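Take a look at the structure set out below.
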Amino acid sequence: MIDHPMNPNVVTENFTSYAVSVDRCMAGAGAAALLAEGRPVMLKPNLVNDSPHPVTTSPVFCEAVIAFVRRHTDAPVVVAEGCGDAVLETPHVFARLGYADLAERLDVGLLDLNTAPLTRRVDRRCKLFPEMWLPEAAFDHLLISLPVLKAHSLCRFTGSMKNMIGLAPPSHYSGRFGTWKKAVFHHRLDHAIVALNRYRRADFTVMDASIGLADYHLGGARCDPPVNRILAGTDSRALDREAATLLGLDWTRVGHLV
């Protein structure tokens with residue numbers, strides 16, 4: 001395991017508890033200064049389906065992030081996701097994973113990005129997606145990505161950059177390459193991740209690498225021993241490169257990280 005990050009813009013902490021390690025990691029990575037700007041905050045967990053942690057982001061981890069945010073800003077906080085499940089809708093995933101209870105208890109909003117109002121963005125330099133439809137709210141908020149550390153069956157690794165696929169509305173990006181809600185992005189997946197992050201990249205990332213999935217993003221073997229890390233930083237690609245090494249991956253062989 002790496003005790004010191006390769007990139008000085010990425011802060012890593014040994015995992016002792018979410019309350020302690022998340023606080024130290026966010027503080028060390030400069031989250032307080034971003035929150036002091038006063039923008040409303042959007043927390044984007046990875047809730048691809050209703051499988052519990054470590055497939056998805058733990059609500060206990062999210063609660064520790066909310067606690068830090070609340071200590072540094074009075075701005076509104078919303079937890080936002082657009083699940084990728086072929087059958088379930090995001091509100092069902094929120095409820096089954098404990099996020100509906102969390103939102104009620106902590107007085108934070110929940111936003112289904114799959115049905116949220118959209119804005120059209122254009123970038124003619126982006127050959128794969130010269131235009132993209134994305135939720136307006138993603139551009140109105142300070143966007144904090146809350147991924148979990150996982151290998152991926154199609155692009156080798158999934159972290160903060162791939163977590164942005166939750167922003168993509170099924171009304172525009174389902175079908176053709178599968179039955180799940182973001183199927184269009186899974187054709188030339190690495191290229192699609194890079195394209196999406198050109199339109200909207202996370203402003204800050206806190207990654208839960210307390211356990212880690214060793215070989216498959218929807219299940220499979222857990223890392224043994226557990227990775228026992230929390231990572232944070234403002235550069236999502238740098239953070240994902242760092243995180244990939246914690247799984248024993250060479251990030252130069254992960255297309256969207258190169």
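As shown in the structure tokens, the chain order sets the letters A, B, ...; within each chain, residues go from 1, and ligands are also counted from 1 in the order they appear.
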
Please identify every residue of range 5-24 of chain A that has at least one atom no farther than 10 Å from an atom of range 54-77 of chain A, counting only C-alpha atoms, and for each give the shortest atom pair and the distance in Å to one decimal, arranged by chain then increasing number, as JSON lines.
```
{"residue": "A:Ser17", "atom": "CA", "partner": "A:Phe61", "partner_atom": "CA", "distance": 9.1}
{"residue": "A:Tyr18", "atom": "CA", "partner": "A:Phe61", "partner_atom": "CA", "distance": 5.7}
{"residue": "A:Ala19", "atom": "CA", "partner": "A:Ala64", "partner_atom": "CA", "distance": 5.2}
{"residue": "A:Val20", "atom": "CA", "partner": "A:Ala64", "partner_atom": "CA", "distance": 8.4}
{"residue": "A:Ser21", "atom": "CA", "partner": "A:Ala64", "partner_atom": "CA", "distance": 9.0}
{"residue": "A:Val22", "atom": "CA", "partner": "A:Ala64", "partner_atom": "CA", "distance": 6.5}
{"residue": "A:Asp23", "atom": "CA", "partner": "A:Phe68", "partner_atom": "CA", "distance": 6.2}
{"residue": "A:Arg24", "atom": "CA", "partner": "A:Phe68", "partner_atom": "CA", "distance": 9.6}
```

Hey, what's within 10 Å of Asp190 in chain A if we count only C-alpha atoms and toss same-chain stuff fewer than 4 positions away? As an mmCIF file with N, CA, C and O atoms, in the first residue's frame, please?
```cif
data_model
loop_
_atom_site.group_PDB
_atom_site.id
_atom_site.type_symbol
_atom_site.label_atom_id
_atom_site.label_comp_id
_atom_site.auth_asym_id
_atom_site.auth_seq_id
_atom_site.Cartn_x
_atom_site.Cartn_y
_atom_site.Cartn_z
ATOM 1 N N LEU A 154 -15.176 -3.333 -17.592
ATOM 2 C CA LEU A 154 -15.060 -2.809 -18.953
ATOM 3 C C LEU A 154 -13.919 -1.811 -19.129
ATOM 4 O O LEU A 154 -13.346 -1.716 -20.211
ATOM 5 N N CYS A 155 -13.606 -1.051 -18.080
ATOM 6 C CA CYS A 155 -12.546 -0.045 -18.225
ATOM 7 C C CYS A 155 -11.487 -0.169 -17.120
ATOM 8 O O CYS A 155 -10.758 0.783 -16.870
ATOM 9 N N ARG A 156 -11.442 -1.319 -16.479
ATOM 10 C CA ARG A 156 -10.429 -1.697 -15.494
ATOM 11 C C ARG A 156 -10.570 -1.008 -14.141
ATOM 12 O O ARG A 156 -10.288 -1.600 -13.125
ATOM 13 N N PHE A 157 -11.009 0.249 -14.115
ATOM 14 C CA PHE A 157 -11.059 0.994 -12.862
ATOM 15 C C PHE A 157 -12.209 1.982 -12.899
ATOM 16 O O PHE A 157 -12.486 2.598 -13.932
ATOM 17 N N MET A 161 -13.899 10.051 -11.867
ATOM 18 C CA MET A 161 -14.234 10.420 -13.240
ATOM 19 C C MET A 161 -15.402 9.606 -13.763
ATOM 20 O O MET A 161 -16.346 10.155 -14.339
ATOM 21 N N LYS A 162 -15.380 8.304 -13.561
ATOM 22 C CA LYS A 162 -16.488 7.481 -14.043
ATOM 23 C C LYS A 162 -17.771 7.753 -13.263
ATOM 24 O O LYS A 162 -18.881 7.583 -13.791
ATOM 25 N N PHE A 185 -23.006 5.304 -22.943
ATOM 26 C CA PHE A 185 -21.657 5.614 -22.491
ATOM 27 C C PHE A 185 -20.762 4.383 -22.430
ATOM 28 O O PHE A 185 -19.542 4.510 -22.395
ATOM 29 N N HIS A 186 -21.331 3.188 -22.415
ATOM 30 C CA HIS A 186 -20.522 1.988 -22.281
ATOM 31 C C HIS A 186 -20.007 1.470 -23.615
ATOM 32 O O HIS A 186 -19.323 0.451 -23.659
ATOM 33 N N VAL A 194 -13.903 10.395 -20.556
ATOM 34 C CA VAL A 194 -13.111 11.607 -20.787
ATOM 35 C C VAL A 194 -13.986 12.716 -21.352
ATOM 36 O O VAL A 194 -13.913 13.876 -20.917
ATOM 37 N N ALA A 195 -14.846 12.376 -22.315
ATOM 38 C CA ALA A 195 -15.725 13.379 -22.922
ATOM 39 C C ALA A 195 -16.654 13.991 -21.882
ATOM 40 O O ALA A 195 -16.817 15.219 -21.804
ATOM 41 N N VAL A 254 -4.965 2.351 -17.982
ATOM 42 C CA VAL A 254 -6.388 2.649 -17.834
ATOM 43 C C VAL A 254 -6.694 3.829 -18.752
ATOM 44 O O VAL A 254 -6.257 4.950 -18.497
ATOM 45 N N GLY A 255 -7.459 3.572 -19.819
ATOM 46 C CA GLY A 255 -7.591 4.539 -20.894
ATOM 47 C C GLY A 255 -7.975 5.944 -20.442
ATOM 48 O O GLY A 255 -7.361 6.929 -20.852
ATOM 49 N N HIS A 256 -8.993 6.055 -19.601
ATOM 50 C CA HIS A 256 -9.477 7.402 -19.244
ATOM 51 C C HIS A 256 -8.574 8.102 -18.247
ATOM 52 O O HIS A 256 -8.748 9.299 -18.002
ATOM 53 N N LEU A 257 -7.597 7.399 -17.667
ATOM 54 C CA LEU A 257 -6.659 8.040 -16.744
ATOM 55 C C LEU A 257 -5.392 8.508 -17.445
ATOM 56 O O LEU A 257 -4.609 9.263 -16.862
ATOM 57 N N VAL A 258 -5.179 8.057 -18.661
ATOM 58 C CA VAL A 258 -4.025 8.503 -19.445
ATOM 59 C C VAL A 258 -4.341 9.793 -20.105
ATOM 60 O O VAL A 258 -3.987 10.682 -20.253
#
```

For this session: Skip range 124-127 of chain A itself and residues of its chain fewer than 2 positions away, then list as JSON, numbers by chain all residues within 12 Å of it, counting only C-alpha atoms.
Result: {"A": [121, 122, 129, 130, 131, 132, 191, 192, 193, 194, 195, 196, 197, 198, 199]}

Would you export the selected residues with C-alpha atoms as a short mmCIF file (atom, residue, chain, number, x, y, z; two decimals), in the first residue's frame, please?
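Just written: result-v3.cif:
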```
data_model
loop_
_atom_site.label_atom_id
_atom_site.label_comp_id
_atom_site.auth_asym_id
_atom_site.auth_seq_id
_atom_site.Cartn_x
_atom_site.Cartn_y
_atom_site.Cartn_z
CA ARG A 121 -23.93 22.07 -23.65
CA VAL A 122 -21.83 22.22 -26.83
CA PHE A 129 -20.18 14.01 -27.88
CA PRO A 130 -20.08 17.41 -29.61
CA GLU A 131 -23.21 18.23 -27.64
CA MET A 132 -24.35 16.88 -24.31
CA HIS A 191 -13.45 7.81 -24.39
CA ALA A 192 -16.95 8.53 -23.10
CA ILE A 193 -15.68 9.11 -19.56
CA VAL A 194 -13.11 11.61 -20.79
CA ALA A 195 -15.73 13.38 -22.92
CA LEU A 196 -18.19 13.64 -20.05
CA ASN A 197 -15.53 15.06 -17.73
CA ARG A 198 -14.78 17.76 -20.31
CA TYR A 199 -18.33 18.97 -19.82
#
```

Exercise. If you count only C-alpha atoms, which residues fall within 7 Å of range 204-216 of chain A, apart from same-chain ones fewer than 2 positions away, as an MDAnalysis selection string?
Worked result: chainID A and resid 15 54 143:153 160 202 218:223 226:234 236 247

Problem set entry | Every residue of range 139-197 of chain A that DSSP places in strand (DSSP E or B), as a PyMOL selection string | chain A and resi 142-146+148-152+156-158

Exercise. Which distance in Å separates CA of Asn46 in chain A and CA of Met164 in chain A, to one decimal?
Worked result: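 Computed distance, CA of Asn46 in chain A to CA of Met164 in chain A, equals 8.9 Å.
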
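When only C-alpha atoms are used to compute distances to Pro40 in chain A, the closest of the residues A:Pro225, A:Gly109, A:Gly166, A:Gly82 turns out to be A:Gly109.
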
For this session: Enumerate, as a PyMOL selection string, the complete set of residues in range 63-124 of chain A that a backbone-based DSSP assignment places in alpha helix (DSSP H).
Result: chain A and resi 63-72+90-96+99-106

For this session: Rank A:Asp224, A:Val79, A:Val184, A:His217 by their smallest atom-to-atom distance to Glu104 in chain A, using only C-alpha atoms, and report the top residue only.
Result: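 The answer is A:Val79, which sits nearest to Glu104 in chain A.
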
Problem set entry | Which residue of A:Leu118, A:Leu97, A:Val48, A:Val11 approaches Glu81 in chain A most closely, using only C-alpha atoms |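 Selected residue with least distance to Glu81 in chain A: A:Val48.
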
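Neighbouring residues of Thr90 in chain A at 10 Å or closer, counting only C-alpha atoms and skipping chain neighbours under 2 positions away, are Leu47, Val48, Asn49, Asp50, Ala80, Glu81, Gly82, Cys83, Gly84, Asp85, Val87, Leu88, His92, Val93, Phe94, Ala95, Arg96, Leu110, Leu111, Asp112, Leu113, Asn114 and Thr115 of chain A.
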
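When CA of Pro45 in chain A is paired with CA of His141 in chain A, their separation reads 14.7 Å.
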
For this session: Just give me the gap between CA of Trp133 in chain A and CA of Lys44 in chain A in Å, one decimal is fine.
Result: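 CA of Lys44 in chain A lies 17.6 Å from CA of Trp133 in chain A.
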